[in-house]
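Visitor: The following block contains the structure, expressed as structure tokens.
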Amino acid sequence: MLGDTQAFNVCIKSLSRAIYTLTLMACGMGQAVGGGEVPDRFRLTDLDLRDPHLYVSFIGCLDATDTLLLDFSFNNFTQSAIQGDGDVNGYLDLSVLVEFLPLDQSVATNPMTIGAADCTAPMASTSCGASYSTQNAVATHDADSICLDALAGTLRPYTPNVATPGPACFVSSTMTLTVSIGGIPMSLSDAQVAASFDDDPATALENGLIRGFLPETVANNTILPAALPVVGGDSLSSILPGGTNSCAGHDDRDIHNTVLGWWFYFNFPAELLAPPPEEVFEDGFEDPL
């Protein structure tokens with residue numbers, strides 16, 4: 001296992017390659033658990049914001065969650081980053097891994113982590129290095145019920161609806177999760193990750209769901225990247241329905257533990273990665289040609 005200093009250096013180097021990352025705690029160092037067994041790693045192949053939607057004031061008030069605005073939508077941007085190599089550096093622009101340490105669907109719980117990684121392009125034959133910025137959690141399995149659902153009164157009738165993972169499935173313990181979608185960092189509290197298994201043993205995760213709460217005070221103090229069209233330099237709350245200076249005609253804010261903010265819901269699929277090679281290179285894998 002890498003020492004703390006070396007692991008931190010690898011983390012910083014990796015962050016420079018993957019600007020748009022889903023990170024869990026700032027550059028944290030994940031630690032292997034489970035007696036040194038090889039983890040079962042699933043890479044997200046898409047990530048879609050389902051609720052709330054994001055609205056931009058541009059020749060009217062436009063929903064830019066899925067609909068292209070100046071060739072940009074938030075979900076399209078994230079999909080392109082997950083599935084492509086826009087800067088042609090040999091690595092997919094955004095890679096997020098859900099890891100079980102290891103996965104054993106016959107028991108009630110498994111240790112797990114979720115975090116970013118550097119993964120080679122193209123996606124069809126990708127090979128991923130070690131995860132960084134990881135958050136440890138516990139996955140609880142359920143063979144008979146829905147593992148995670150939307151909270152009552154927190155959804156609008158957006159299309160598509162929020163997909164929920166039914167049996168057989170897992171749900172993580174709660175964590176603090178910083179999601180970057182469209183280059184916008186969103187720090188979610190009381191976040192959980194869940195998904196259905198496609199089989200036993202699983203080769204894919206289906207109807208994946210990320211649920212977490214964004215306090216309004218955090219949204220007010222989060223500034224959108226200057227490179228974003230139209231909204232660059234504005235606060236995150238300005239594109240959320242009900243937020244300060246939002247153009248949306250409705251209010252999507254919720255109350256969680258007396259705090260005003262928004263419950264966020266993301267859906268994702270993920271595919272099982274091949275086990276990593278025995279030889280470990282500086283970044284966890286050999287640099288692509």
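In the structure tokens, chains take the letters A, B, ... in the order shown, each chain's residues start at 1, and ligands count up from 1 in the order shown.
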List every residue of segment 19-156 of chain A that DSSP, applied to the backbone, labels as helix (DSSP H, G or I), and write the result as a PyMOL selection string.
Guide: chain A and resi 74-83+123-125
Visitor: As an NGL selection string, please: every residue in segment 35-224 of chain A that DSSP puts in strand (DSSP E or B).
Guide: :A and (40-44 or 48-51 or 55-57 or 61-63 or 69 or 72 or 91 or 96-100 or 109-116 or 119-120 or 128 or 132-142 or 169-172 or 175-181 or 184-197 or 204-215 or 223)
Visitor: Emit the selected residues as a compact mmCIF listing (two decimals), in the first residue's frame, including C-alpha atoms.
Guide:
```txt
# COMPACT_ATOMS: atom_id res chain seq x y z
CA ASP A 40 -14.96 -5.74 -7.00
CA ARG A 41 -14.98 -2.40 -8.81
CA PHE A 42 -17.89 -0.96 -10.79
CA ARG A 43 -17.35 2.11 -12.99
CA LEU A 44 -20.25 4.52 -13.62
CA ASP A 48 -27.96 11.97 -14.76
CA LEU A 49 -29.46 14.62 -12.50
CA ARG A 50 -33.18 13.85 -12.15
CA ASP A 51 -34.34 16.30 -9.45
CA TYR A 55 -32.76 26.63 -14.94
CA VAL A 56 -30.86 29.30 -16.88
CA SER A 57 -32.05 32.77 -17.85
CA CYS A 61 -36.05 30.87 -18.51
CA LEU A 62 -34.77 27.56 -19.89
CA ASP A 63 -34.40 24.13 -18.31
CA LEU A 69 -28.30 25.45 -24.51
CA PHE A 72 -24.43 22.52 -23.49
CA TYR A 91 -7.86 9.03 -20.16
CA VAL A 96 -16.26 7.29 -10.66
CA LEU A 97 -15.92 3.86 -9.06
CA VAL A 98 -18.17 2.02 -6.61
CA GLU A 99 -15.99 -0.62 -4.95
CA PHE A 100 -16.95 -3.54 -2.74
CA THR A 109 -23.35 -6.23 4.55
CA ASN A 110 -20.14 -5.51 2.66
CA PRO A 111 -17.54 -2.79 3.22
CA MET A 112 -17.44 -0.44 0.24
CA THR A 113 -15.92 2.79 -1.03
CA ILE A 114 -16.88 5.30 -3.68
CA GLY A 115 -14.47 7.70 -5.33
CA ALA A 116 -12.75 8.98 -8.45
CA CYS A 119 -9.33 5.27 -16.40
CA THR A 120 -7.93 4.80 -19.88
CA CYS A 128 -8.62 1.99 -14.17
CA TYR A 132 -8.60 8.43 -4.86
CA SER A 133 -10.73 10.88 -2.91
CA THR A 134 -12.58 7.87 -1.58
CA GLN A 135 -15.19 7.64 1.15
CA ASN A 136 -15.53 4.42 3.12
CA ALA A 137 -19.05 3.15 3.78
CA VAL A 138 -21.03 0.00 4.48
CA ALA A 139 -23.31 -1.54 1.84
CA THR A 140 -26.45 -3.23 3.18
CA HIS A 141 -28.02 -5.81 0.87
CA ASP A 142 -31.75 -6.43 0.42
CA CYS A 169 -29.91 -4.36 -4.33
CA PHE A 170 -27.68 -2.54 -1.87
CA VAL A 171 -27.73 0.82 -0.11
CA SER A 172 -24.75 2.57 1.47
CA MET A 175 -21.81 10.10 3.93
CA THR A 176 -20.83 13.60 2.84
CA LEU A 177 -20.59 13.57 -0.93
CA THR A 178 -19.34 16.29 -3.27
CA VAL A 179 -20.75 15.76 -6.75
CA SER A 180 -19.43 17.69 -9.73
CA ILE A 181 -21.93 17.82 -12.58
CA ILE A 184 -20.47 22.51 -10.79
CA PRO A 185 -19.44 21.23 -7.34
CA MET A 186 -22.35 20.27 -5.09
CA SER A 187 -21.59 19.27 -1.50
CA LEU A 188 -24.36 16.91 -0.41
CA SER A 189 -24.95 15.95 3.21
CA ASP A 190 -26.62 12.75 4.43
CA ALA A 191 -25.91 11.25 1.02
CA GLN A 192 -26.46 7.59 0.15
CA VAL A 193 -25.68 5.46 -2.89
CA ALA A 194 -27.80 2.47 -3.94
CA ALA A 195 -28.27 0.21 -6.97
CA SER A 196 -29.71 -3.10 -8.12
CA PHE A 197 -27.48 -6.05 -8.99
CA ALA A 204 -23.39 -4.53 -13.57
CA LEU A 205 -25.27 -2.13 -11.31
CA GLU A 206 -28.71 -1.02 -12.54
CA ASN A 207 -31.09 1.78 -11.53
CA GLY A 208 -28.33 3.33 -9.46
CA LEU A 209 -29.47 6.19 -7.23
CA ILE A 210 -27.50 8.88 -5.42
CA ARG A 211 -29.53 10.89 -2.91
CA GLY A 212 -28.19 13.80 -0.87
CA PHE A 213 -29.15 17.16 0.62
CA LEU A 214 -27.71 20.52 -0.44
CA PRO A 215 -28.27 23.30 2.15
CA ILE A 223 -19.83 29.96 -7.38
```
Visitor: With only C-alpha atoms as the basis for distance, which of A:Gly84, A:Gly129, A:Pro122, A:Gly166 is at the shortest distance from Pro275 of chain A?
Guide: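 Counting only C-alpha atoms, the residue closest to Pro275 of chain A is A:Gly129.
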